[in-house]
file coords29.txt (compact mmCIF, C-alpha atoms and all ligand atoms)
# COMPACT_ATOMS: atom_id res chain seq x y z
CA MET A 1 1.97 -13.61 0.61
CA ARG A 2 2.06 -16.98 -1.12
CA ARG A 3 -0.97 -16.94 -3.36
CA GLU A 4 -3.47 -14.64 -4.96
CA LEU A 5 -6.37 -13.11 -3.04
CA ARG A 6 -9.39 -13.62 -5.29
CA LEU A 7 -12.80 -12.03 -5.54
CA ASP A 8 -15.13 -14.04 -7.77
CA GLY A 9 -18.56 -12.79 -8.76
CA VAL A 10 -18.59 -10.52 -5.75
CA GLY A 11 -21.56 -8.27 -5.10
CA ARG A 12 -22.38 -6.03 -2.16
CA ARG A 13 -25.49 -4.16 -1.25
CA TYR A 14 -26.50 -2.63 2.03
CA GLY A 15 -29.80 -3.78 3.47
CA LEU A 16 -32.12 -6.39 2.01
CA ARG A 17 -33.46 -4.21 -0.77
CA GLY A 18 -30.72 -1.63 -1.09
CA PRO A 19 -29.26 -0.96 -4.53
CA TRP A 20 -26.25 -3.04 -5.55
CA VAL A 21 -23.12 -0.98 -4.90
CA LEU A 22 -20.91 -3.64 -6.51
CA ARG A 23 -21.96 -6.57 -8.67
CA GLY A 24 -20.11 -9.29 -10.55
CA VAL A 25 -16.67 -8.17 -9.41
CA ASP A 26 -13.81 -10.51 -10.36
CA LEU A 27 -10.39 -9.47 -9.11
CA GLY A 28 -7.10 -11.16 -8.31
CA VAL A 29 -4.53 -9.41 -6.11
CA THR A 30 -1.16 -11.00 -6.84
CA PRO A 31 1.74 -11.17 -4.34
CA GLY A 32 4.29 -8.39 -4.80
CA THR A 33 1.95 -6.01 -6.62
CA LEU A 34 0.60 -2.52 -6.05
CA VAL A 35 -3.01 -1.94 -7.08
CA ARG A 36 -4.69 1.43 -7.34
CA VAL A 37 -8.48 1.80 -7.16
CA GLU A 38 -10.10 4.93 -8.59
CA GLY A 39 -13.63 6.15 -9.17
CA ALA A 40 -15.99 9.07 -8.65
CA ASN A 41 -17.40 9.83 -5.19
CA GLY A 42 -19.82 7.26 -3.89
CA THR A 43 -19.13 4.66 -6.57
CA GLY A 44 -18.06 1.98 -4.08
CA LYS A 45 -14.29 2.30 -3.64
CA SER A 46 -14.42 2.04 0.15
CA THR A 47 -16.93 -0.79 -0.12
CA LEU A 48 -14.48 -2.70 -2.34
CA LEU A 49 -11.56 -1.98 0.01
CA ARG A 50 -13.50 -3.20 3.04
CA LEU A 51 -14.22 -6.47 1.19
CA LEU A 52 -10.54 -6.78 0.24
CA ALA A 53 -9.52 -6.03 3.81
CA GLY A 54 -11.86 -8.72 5.11
CA ILE A 55 -13.72 -6.44 7.49
CA ASP A 56 -16.89 -6.77 5.41
CA THR A 57 -18.31 -9.80 3.63
CA PRO A 58 -19.90 -9.87 0.18
CA THR A 59 -23.66 -10.18 -0.21
CA GLU A 60 -22.92 -12.64 -3.03
CA GLY A 61 -19.84 -14.22 -4.56
CA ARG A 62 -16.65 -15.57 -3.02
CA VAL A 63 -13.43 -14.25 -1.52
CA THR A 64 -10.61 -16.82 -1.39
CA GLY A 65 -6.91 -16.91 -0.57
CA ARG A 66 -6.99 -14.39 2.26
CA PRO A 67 -3.44 -13.50 3.39
CA ARG A 68 -2.48 -11.76 6.65
CA THR A 69 -4.18 -8.44 6.06
CA ALA A 70 -4.03 -4.95 7.56
CA TYR A 71 -6.21 -1.98 6.75
CA VAL A 72 -6.14 1.78 7.17
CA PRO A 73 -9.80 2.88 7.09
CA GLU A 74 -10.99 6.16 5.63
CA ARG A 75 -12.07 7.14 9.14
CA PHE A 76 -10.02 5.91 12.08
CA PRO A 77 -11.89 5.44 15.39
CA PRO A 78 -9.71 7.25 17.94
CA ALA A 79 -12.14 7.28 20.91
CA LEU A 80 -10.62 4.31 22.72
CA PRO A 81 -9.22 4.45 26.26
CA PHE A 82 -5.60 3.85 25.22
CA THR A 83 -2.47 5.90 24.74
CA ALA A 84 -1.09 5.73 21.19
CA ALA A 85 1.69 3.32 22.22
CA ALA A 86 -0.58 1.09 24.33
CA TYR A 87 -3.08 0.89 21.46
CA LEU A 88 -0.36 -0.09 19.00
CA VAL A 89 1.10 -2.72 21.34
CA HIS A 90 -2.38 -4.14 21.87
CA LEU A 91 -3.02 -4.34 18.13
CA GLY A 92 0.45 -5.77 17.52
CA THR A 93 -0.35 -8.65 19.88
CA VAL A 94 -3.71 -9.12 18.13
CA HIS A 95 -1.71 -9.44 14.88
CA GLY A 96 0.35 -12.20 16.53
CA LEU A 97 3.44 -10.33 17.75
CA SER A 98 4.85 -10.87 21.24
CA ARG A 99 4.40 -7.85 23.54
CA ARG A 100 8.09 -7.07 23.25
CA ALA A 101 8.08 -7.27 19.43
CA ALA A 102 4.87 -5.21 19.31
CA ALA A 103 6.39 -2.52 21.56
CA ARG A 104 9.51 -2.39 19.41
CA ALA A 105 7.52 -2.18 16.16
CA ALA A 106 5.20 0.45 17.66
CA GLY A 107 8.19 2.59 18.65
CA GLN A 108 9.80 2.20 15.24
CA TRP A 109 6.67 3.17 13.32
CA LEU A 110 5.84 6.13 15.53
CA GLU A 111 9.43 7.29 15.03
CA ARG A 112 9.37 6.77 11.25
CA LEU A 113 6.10 8.68 10.97
CA GLY A 114 7.32 11.53 13.18
CA ALA A 115 4.93 10.79 16.04
CA ALA A 116 7.31 9.39 18.68
CA GLY A 117 6.50 12.40 20.89
CA HIS A 118 2.88 11.26 21.02
CA ALA A 119 3.49 7.72 22.25
CA ALA A 120 2.07 8.51 25.70
CA THR A 121 -0.81 10.69 24.44
CA PRO A 122 -4.33 9.26 24.86
CA LEU A 123 -5.87 8.54 21.45
CA ALA A 124 -8.78 10.88 22.14
CA GLN A 125 -6.38 13.80 22.58
CA LEU A 126 -4.44 13.33 19.35
CA SER A 127 -4.74 15.86 16.55
CA LYS A 128 -6.25 14.59 13.30
CA GLY A 129 -2.80 14.26 11.72
CA SER A 130 -1.27 12.40 14.66
CA SER A 131 -4.31 10.18 14.86
CA GLN A 132 -3.82 9.31 11.19
CA LYS A 133 -0.20 8.41 11.92
CA VAL A 134 -1.41 5.93 14.55
CA ALA A 135 -3.89 4.54 12.04
CA VAL A 136 -1.04 4.00 9.57
CA ALA A 137 1.30 2.58 12.23
CA GLN A 138 -1.27 -0.01 13.39
CA ALA A 139 -1.51 -1.34 9.84
CA LEU A 140 2.25 -1.53 9.26
CA LEU A 141 3.22 -2.99 12.67
CA ALA A 142 3.08 -6.66 11.83
CA GLU A 143 4.36 -6.46 8.23
CA PRO A 144 1.07 -7.55 6.65
CA GLU A 145 1.02 -9.65 3.48
CA LEU A 146 -1.82 -7.50 2.16
CA LEU A 147 -2.04 -3.82 3.06
CA VAL A 148 -5.26 -1.99 2.20
CA LEU A 149 -5.10 1.81 2.32
CA ASP A 150 -8.25 3.91 2.05
CA GLU A 151 -7.15 7.55 1.67
CA ALA A 152 -4.40 6.78 4.20
CA TRP A 153 -2.29 9.80 3.16
CA THR A 154 -5.04 12.28 4.04
CA GLY A 155 -4.09 14.43 7.02
CA LEU A 156 -0.42 13.33 7.08
CA ASP A 157 2.37 15.92 6.86
CA ALA A 158 4.79 15.80 3.91
CA ASP A 159 7.44 13.72 5.74
CA ALA A 160 4.90 11.15 6.90
CA ARG A 161 3.36 11.00 3.40
CA ALA A 162 6.78 10.20 1.95
CA GLU A 163 7.39 7.63 4.70
CA LEU A 164 4.12 5.89 3.91
CA GLU A 165 5.09 5.78 0.22
CA ARG A 166 8.38 4.14 1.25
CA ALA A 167 6.50 1.67 3.44
CA VAL A 168 4.32 0.73 0.46
CA ALA A 169 7.44 0.12 -1.64
CA GLU A 170 8.91 -2.02 1.16
CA ARG A 171 5.77 -4.15 1.38
CA THR A 172 5.65 -4.91 -2.34
CA ALA A 173 9.44 -5.40 -2.50
CA SER A 174 9.16 -8.09 0.15
CA GLY A 175 6.46 -9.92 -1.78
CA GLY A 176 3.38 -8.42 -0.14
CA ALA A 177 0.53 -6.72 -1.97
CA VAL A 178 -0.84 -3.21 -1.44
CA VAL A 179 -4.23 -1.92 -2.60
CA TYR A 180 -4.92 1.80 -2.24
CA VAL A 181 -7.37 4.60 -2.94
CA ASP A 182 -6.15 8.18 -2.93
CA HIS A 183 -7.77 11.38 -4.20
CA ASP A 184 -4.37 12.69 -5.38
CA PRO A 185 -3.72 11.32 -8.89
CA SER A 186 0.03 11.83 -8.44
CA ARG A 187 0.11 9.53 -5.38
CA LEU A 188 2.57 6.75 -6.24
CA ALA A 189 2.02 7.64 -9.88
CA ASP A 190 3.78 5.20 -12.21
CA ALA A 191 4.18 2.69 -9.38
CA PRO A 192 0.93 0.66 -9.60
CA ASP A 193 1.05 -2.66 -11.40
CA ALA A 194 -2.67 -2.29 -12.06
CA THR A 195 -5.25 0.49 -11.79
CA TYR A 196 -8.98 -0.21 -11.61
CA THR A 197 -11.86 2.20 -11.86
CA VAL A 198 -15.08 1.47 -9.98
CA ARG A 199 -17.97 2.48 -12.22
CA ASP A 200 -21.64 1.44 -12.45
CA GLY A 201 -21.10 -1.25 -9.83
CA GLY A 202 -18.28 -2.89 -11.78
CA LEU A 203 -14.50 -2.85 -11.85
CA HIS A 204 -12.75 -1.71 -15.02
CA ARG A 205 -9.02 -2.23 -15.47
CA ARG A 206 -7.26 0.79 -16.90
CA THR A 207 -4.80 0.13 -19.68
CA GLU A 208 -1.93 2.59 -19.82
CA VAL A 209 -1.15 4.39 -23.06
CA ALA A 210 2.39 3.32 -23.98
CA GLY A 211 4.97 6.01 -23.28
CA VAL A 212 2.61 8.18 -21.24
CA SER A 213 3.20 8.14 -17.52
CA ALA A 214 2.25 10.50 -14.78
CA GLY A 215 4.95 10.56 -12.16
CA PRO A 216 8.62 11.38 -11.79
CA ARG A 217 11.08 8.54 -12.28
CA VAL A 218 14.64 7.98 -11.21
CA VAL A 219 17.34 6.08 -13.09
CA VAL A 220 19.74 4.15 -10.85
CA ARG A 221 22.91 2.74 -12.45
CA VAL A 222 24.38 -0.15 -10.53
CA GLN A 223 27.16 -2.67 -10.79
CA GLY A 224 27.18 -6.10 -9.19
CA PRO A 225 28.37 -9.65 -9.70
CA PRO A 226 28.60 -10.44 -13.45
CA VAL A 227 26.59 -13.63 -12.98
CA GLY A 228 23.47 -14.30 -10.98
CA GLY A 229 21.53 -11.19 -11.94
CA LEU A 230 19.82 -8.56 -9.83
CA PRO A 231 18.48 -9.34 -6.33
CA ALA A 232 14.85 -10.54 -6.63
CA ASP A 233 13.56 -7.68 -4.45
CA ALA A 234 15.23 -5.11 -6.73
CA VAL A 235 13.60 -6.69 -9.78
CA ARG A 236 10.21 -6.39 -8.06
CA ILE A 237 10.70 -2.69 -7.27
CA ALA A 238 12.15 -1.54 -10.59
CA ALA A 239 9.81 -0.55 -13.42
CA SER A 240 12.47 -1.60 -15.93
CA ALA A 241 16.04 -2.90 -15.94
CA GLU A 242 18.51 -2.74 -18.81
CA GLU A 243 21.77 -4.68 -18.62
CA SER A 244 24.48 -2.83 -20.60
CA ARG A 245 27.17 -5.41 -19.85
CA PRO A 246 27.34 -8.34 -17.42
CA GLY A 247 26.49 -7.06 -13.93
CA CYS A 248 25.87 -3.43 -15.03
CA TYR A 249 22.26 -2.30 -15.01
CA ALA A 250 20.27 0.89 -15.50
CA LEU A 251 17.17 0.55 -13.31
CA THR A 252 14.22 2.87 -13.78
CA VAL A 253 11.99 3.27 -10.75
CA PRO A 254 9.14 5.57 -9.64
CA ALA A 255 10.73 8.36 -7.56
CA SER A 256 8.69 7.25 -4.52
CA HIS A 257 10.42 3.84 -4.65
CA SER A 258 14.03 4.96 -5.18
CA ASP A 259 15.04 4.89 -1.47
CA VAL A 260 13.78 1.36 -1.05
CA LEU A 261 15.52 0.22 -4.25
CA LEU A 262 18.82 1.74 -3.10
CA ARG A 263 18.53 0.17 0.35
CA THR A 264 17.73 -3.21 -1.24
CA LEU A 265 20.83 -3.02 -3.45
CA LEU A 266 23.17 -1.74 -0.75
CA THR A 267 22.09 -4.36 1.79
CA ALA A 268 22.14 -7.26 -0.71
CA ARG A 269 24.70 -10.07 -0.16
CA PRO A 270 27.10 -9.19 -1.72
CA PRO A 271 26.17 -5.47 -1.78
CA TRP A 272 25.80 -3.78 -5.16
CA HIS A 273 27.78 -0.70 -6.11
CA VAL A 274 25.59 2.31 -6.95
CA VAL A 275 27.28 4.14 -9.83
CA SER A 276 24.80 7.02 -10.24
CA VAL A 277 21.28 8.16 -9.37
CA HIS A 278 19.52 10.80 -11.44
CA ALA A 279 16.05 11.99 -12.37
CA GLN A 280 14.86 10.62 -15.68
CA GLU A 281 14.75 13.31 -18.31
CA GLY A 282 12.75 13.90 -21.44
CA PRO A 283 9.67 12.12 -22.77
CA ARG A 284 9.22 8.57 -21.70
N1 LIG B 1 -22.51 1.03 5.77
C1 LIG B 1 -23.28 1.47 4.77
N2 LIG B 1 -24.61 1.43 4.86
C2 LIG B 1 -25.40 1.86 3.85
N3 LIG B 1 -24.94 2.35 2.68
C3 LIG B 1 -23.60 2.42 2.54
C4 LIG B 1 -22.70 1.99 3.57
N4 LIG B 1 -21.43 2.19 3.14
C5 LIG B 1 -21.52 2.71 1.89
N5 LIG B 1 -22.83 2.85 1.54
C6 LIG B 1 -23.31 3.38 0.26
O1 LIG B 1 -22.65 2.68 -0.78
C7 LIG B 1 -22.30 3.55 -1.84
C8 LIG B 1 -20.79 3.50 -2.08
O2 LIG B 1 -20.12 4.02 -0.94
P1 LIG B 1 -18.55 3.95 -0.77
O3 LIG B 1 -18.23 4.67 0.49
O4 LIG B 1 -18.11 2.55 -0.93
O5 LIG B 1 -18.08 4.80 -2.04
P2 LIG B 1 -16.70 5.58 -2.32
O6 LIG B 1 -16.45 5.44 -3.78
O7 LIG B 1 -15.65 5.08 -1.40
O8 LIG B 1 -17.10 7.06 -1.95
P3 LIG B 1 -16.15 8.33 -1.54
O9 LIG B 1 -15.29 8.61 -2.73
O10 LIG B 1 -17.16 9.41 -1.31
O11 LIG B 1 -15.38 7.92 -0.32
C9 LIG B 1 -22.79 4.95 -1.44
O12 LIG B 1 -24.06 5.14 -2.03
C10 LIG B 1 -22.94 4.83 0.06
O13 LIG B 1 -23.93 5.68 0.55
call {"tool": "encode", "arguments": {"input": "coords29.txt", "output": "structure tokens", "more": "lines below"}}
Ligand SMILES: Nc1ncnc2c1ncn2[C@@H]1O[C@H](COP(=O)(O)OP(=O)(O)OP(=O)(O)O)[C@@H](O)[C@H]1O
result
Amino acid sequence: MRRELRLDGVGRRYGLRGPWVLRGVDLGVTPGTLVRVEGANGTGKSTLLRLLAGIDTPTEGRVTGRPRTAYVPERFPPALPFTAAAYLVHLGTVHGLSRRAAARAAGQWLERLGAAGHAATPLAQLSKGSSQKVAVAQALLAEPELLVLDEAWTGLDADARAELERAVAERTASGGAVVYVDHDPSRLADAPDATYTVRDGGLHRRTEVAGVSAGPRVVVRVQGPPVGGLPADAVRIAASAEESRPGCYALTVPASHSDVLLRTLLTARPPWHVVSVHAQEGPR
């Protein structure tokens, strides 16, 4: 993702005389950031996400800077005459992958989400949870620049929920943006770069109270080359980095992002040495 996706003066209402669900919304989604959207039921969160995902257009206002976008809808339409794998390959080619690359990515995502055994199952016969895994896989297949997740964790088992959190961290680490809604306040807690509440048709940015944070964090101590600094992807993932002496850092990261941070450091050129990994203790 090279530039910001922007909503300027965006409004949406359904029908010619329907009430405005959203009005005067200005929002920039910056590359490499995670954005959470909150709000009471029926306030317009899904409406906003559909506009961000580009599957709906505003009644008024402008959307500019659209990157390659993928979307996991609140409700996934499974009644299509495809097996899970055939559906994913088809969508992968729609996203611009070759058939071979799409088949490989489909296999990898079904495996990561614990649904490899359902590759040959017709979509209509999938359980709700497996169907949700396919919905998630179709969005991740082509490594989108912007990933929009509307309650995408709902219905997933614990392993798949953790895998989706890792996938979110991977997207932002590689410079993409992720926007999500989730009913669970602890979902990716501490990880968002910005949180917005949809209220009275408008978008209100939440400012964090200093020192108060909701989710578990991990401190990773690493050692690398004394000059040159941390790999750029690691800087993007870490919530904070303290250099104690040249090349020695203590990185604090939301627990959901620790795997991706470790992988980034260990696969860097040259690789970084991980000295210790432990849960952050005490008040923050
Ligand atoms: N396709 C549509 N046609 C008509 N009205 C719609 C449509 N989609 C949403 N609405 C209305 O717009 C308002 C906001 O709905 P939306 O689904 O965006 O809210 P939400 O915050 O995502 O709700 P929830 O938390 O219940 O999922 C609601 O009053 C809803 O009935």
call {"tool": "closest_residue", "arguments": {"input": "coords29.txt", "among": "A:Thr57, A:Thr69, A:Gln108, A:Ser130", "to": "Glu145 of chain A", "atoms": "all atoms listed in the file"}}
result
A:Thr69
call {"tool": "closest_residue", "arguments": {"input": "coords29.txt", "among": "A:Val260, A:Gly65, A:Gly155, A:Glu143", "to": "Ala101 of chain A", "atoms": "only C-alpha atoms"}}
result
A:Glu143
call {"tool": "residues_around", "arguments": {"input": "coords29.txt", "residues": "Arg12 of chain A", "least_positions_apart": "6", "cutoff": "10 Å", "atoms": "all atoms listed in the file", "output": "list in words"}}
result
Gly18, Pro19, Trp20, Val21, Leu22, Arg23, Gly24, Val25, Gly44, Thr47, Leu48, Leu51, Asp56, Thr57, Pro58, Thr59, Glu60, Gly61 and Gly201 of chain A
call {"tool": "residues_near_point", "arguments": {"input": "coords29.txt", "point": "(-9.7, 12.5, 18.5)", "cutoff": "12 Å", "atoms": "all atoms listed in the file", "output": "NGL selection string"}}
result
:A and (75-84 or 121-132 or 134-135)
call {"tool": "write_last_selection", "arguments": {"input": "coords29.txt", "atoms": "C-alpha atoms", "output": "mmCIF file, in the coordinates of the input"}}
result
data_model
loop_
_atom_site.group_PDB
_atom_site.id
_atom_site.type_symbol
_atom_site.label_atom_id
_atom_site.label_comp_id
_atom_site.auth_asym_id
_atom_site.auth_seq_id
_atom_site.Cartn_x
_atom_site.Cartn_y
_atom_site.Cartn_z
ATOM 1 C CA ARG A 75 -12.070 7.140 9.140
ATOM 2 C CA PHE A 76 -10.020 5.910 12.080
ATOM 3 C CA PRO A 77 -11.890 5.440 15.390
ATOM 4 C CA PRO A 78 -9.710 7.250 17.940
ATOM 5 C CA ALA A 79 -12.140 7.280 20.910
ATOM 6 C CA LEU A 80 -10.620 4.310 22.720
ATOM 7 C CA PRO A 81 -9.220 4.450 26.260
ATOM 8 C CA PHE A 82 -5.600 3.850 25.220
ATOM 9 C CA THR A 83 -2.470 5.900 24.740
ATOM 10 C CA ALA A 84 -1.090 5.730 21.190
ATOM 11 C CA THR A 121 -0.810 10.690 24.440
ATOM 12 C CA PRO A 122 -4.330 9.260 24.860
ATOM 13 C CA LEU A 123 -5.870 8.540 21.450
ATOM 14 C CA ALA A 124 -8.780 10.880 22.140
ATOM 15 C CA GLN A 125 -6.380 13.800 22.580
ATOM 16 C CA LEU A 126 -4.440 13.330 19.350
ATOM 17 C CA SER A 127 -4.740 15.860 16.550
ATOM 18 C CA LYS A 128 -6.250 14.590 13.300
ATOM 19 C CA GLY A 129 -2.800 14.260 11.720
ATOM 20 C CA SER A 130 -1.270 12.400 14.660
ATOM 21 C CA SER A 131 -4.310 10.180 14.860
ATOM 22 C CA GLN A 132 -3.820 9.310 11.190
ATOM 23 C CA VAL A 134 -1.410 5.930 14.550
ATOM 24 C CA ALA A 135 -3.890 4.540 12.040
#
call {"tool": "residues_around", "arguments": {"input": "coords29.txt", "residues": "Val89 of chain A", "least_positions_apart": "3", "cutoff": "12 Å", "atoms": "all atoms listed in the file", "output": "number ranges by chain"}}
result
A: 82-86, 92-110, 119, 134, 137-139, 141-142
call {"tool": "residues_near_ligand", "arguments": {"input": "coords29.txt", "ligand": "ligand LIG 1 (chain B)", "cutoff": "6 Å", "atoms": "only C-alpha atoms and all ligand atoms", "output": "number ranges by chain"}}
result
A: 14, 21, 40-47
call {"tool": "atom_distance", "arguments": {"input": "coords29.txt", "atom1": "atom CA of Tyr249 of chain A", "atom2": "atom CA of Ala169 of chain A"}}
result
20.1 Å
call {"tool": "atom_distance", "arguments": {"input": "coords29.txt", "atom1": "atom CA of Ala70 of chain A", "atom2": "atom CA of Ala115 of chain A"}}
result
20.0 Å
call {"tool": "closest_residue", "arguments": {"input": "coords29.txt", "among": "A:Ser244, A:Asp233, A:Leu34, A:Ala250", "to": "Ala268 of chain A", "atoms": "all atoms listed in the file"}}
result
A:Asp233
call {"tool": "atom_distance", "arguments": {"input": "coords29.txt", "atom1": "atom CA of Ile55 of chain A", "atom2": "atom CA of Val178 of chain A"}}
result
16.0 Å
call {"tool": "residues_around", "arguments": {"input": "coords29.txt", "residues": "Ala160 of chain A", "least_positions_apart": "2", "cutoff": "8 Å", "atoms": "all atoms listed in the file", "output": "PyMOL selection string"}}
result
chain A and resi 112-114+133+156-158+162-164
call {"tool": "write_last_selection", "arguments": {"input": "coords29.txt", "atoms": "C-alpha atoms", "output": "mmCIF file, in the frame of the given file"}}
result
data_model
loop_
_atom_site.group_PDB
_atom_site.id
_atom_site.type_symbol
_atom_site.label_atom_id
_atom_site.label_comp_id
_atom_site.auth_asym_id
_atom_site.auth_seq_id
_atom_site.Cartn_x
_atom_site.Cartn_y
_atom_site.Cartn_z
ATOM 1 C CA ARG A 112 9.370 6.770 11.250
ATOM 2 C CA LEU A 113 6.100 8.680 10.970
ATOM 3 C CA GLY A 114 7.320 11.530 13.180
ATOM 4 C CA LYS A 133 -0.200 8.410 11.920
ATOM 5 C CA LEU A 156 -0.420 13.330 7.080
ATOM 6 C CA ASP A 157 2.370 15.920 6.860
ATOM 7 C CA ALA A 158 4.790 15.800 3.910
ATOM 8 C CA ALA A 162 6.780 10.200 1.950
ATOM 9 C CA GLU A 163 7.390 7.630 4.700
ATOM 10 C CA LEU A 164 4.120 5.890 3.910
#
call {"tool": "closest_atom_pairs", "arguments": {"input": "coords29.txt", "of": "segment 210-266 of chain A", "to": "segment 187-200 of chain A", "cutoff": "9 Å", "atoms": "all atoms listed in the file", "output": "Markdown table"}}
result
| residue | atom | partner | partner_atom | distance |
| --- | --- | --- | --- | --- |
| A:Ser213 | CA | A:Asp190 | CA | 6.1 |
| A:Ala214 | CA | A:Ala189 | CA | 5.7 |
| A:Gly215 | CA | A:Ala189 | CA | 4.7 |
| A:Pro216 | CA | A:Ala189 | CA | 7.8 |
| A:Arg217 | CA | A:Asp190 | CA | 8.0 |
| A:Ile237 | CA | A:Ala191 | CA | 8.7 |
| A:Ala239 | CA | A:Ala191 | CA | 7.6 |
| A:Val253 | CA | A:Ala191 | CA | 8.0 |
| A:Pro254 | CA | A:Ala191 | CA | 5.7 |
| A:Ala255 | CA | A:Leu188 | CA | 8.4 |
| A:Ser256 | CA | A:Leu188 | CA | 6.4 |
| A:His257 | CA | A:Ala191 | CA | 7.9 |
call {"tool": "closest_residue", "arguments": {"input": "coords29.txt", "among": "A:Val277, A:Leu27, A:Leu230, A:Leu266", "to": "Pro246 of chain A", "atoms": "all atoms listed in the file"}}
result
A:Leu230
call {"tool": "residues_near_point", "arguments": {"input": "coords29.txt", "point": "(1.1, -12.2, -2.4)", "cutoff": "6 Å", "atoms": "all atoms listed in the file", "output": "count of residues only"}}
result
10
call {"tool": "residues_around", "arguments": {"input": "coords29.txt", "residues": "Arg263 of chain A", "least_positions_apart": "4", "cutoff": "10 Å", "atoms": "all atoms listed in the file", "output": "ChimeraX atom specification"}}
result
/A:170,234,258-259,267-268,271-272
call {"tool": "axis_aligned_box", "arguments": {"input": "coords29.txt", "around": "segment 157-171 of chain A", "padding_each_side": "5 Å", "output": "JSON"}}
result
{"center_x": 5.6, "center_y": 5.9, "center_z": 2.6, "size_x": 16.5, "size_y": 30.1, "size_z": 18.5}
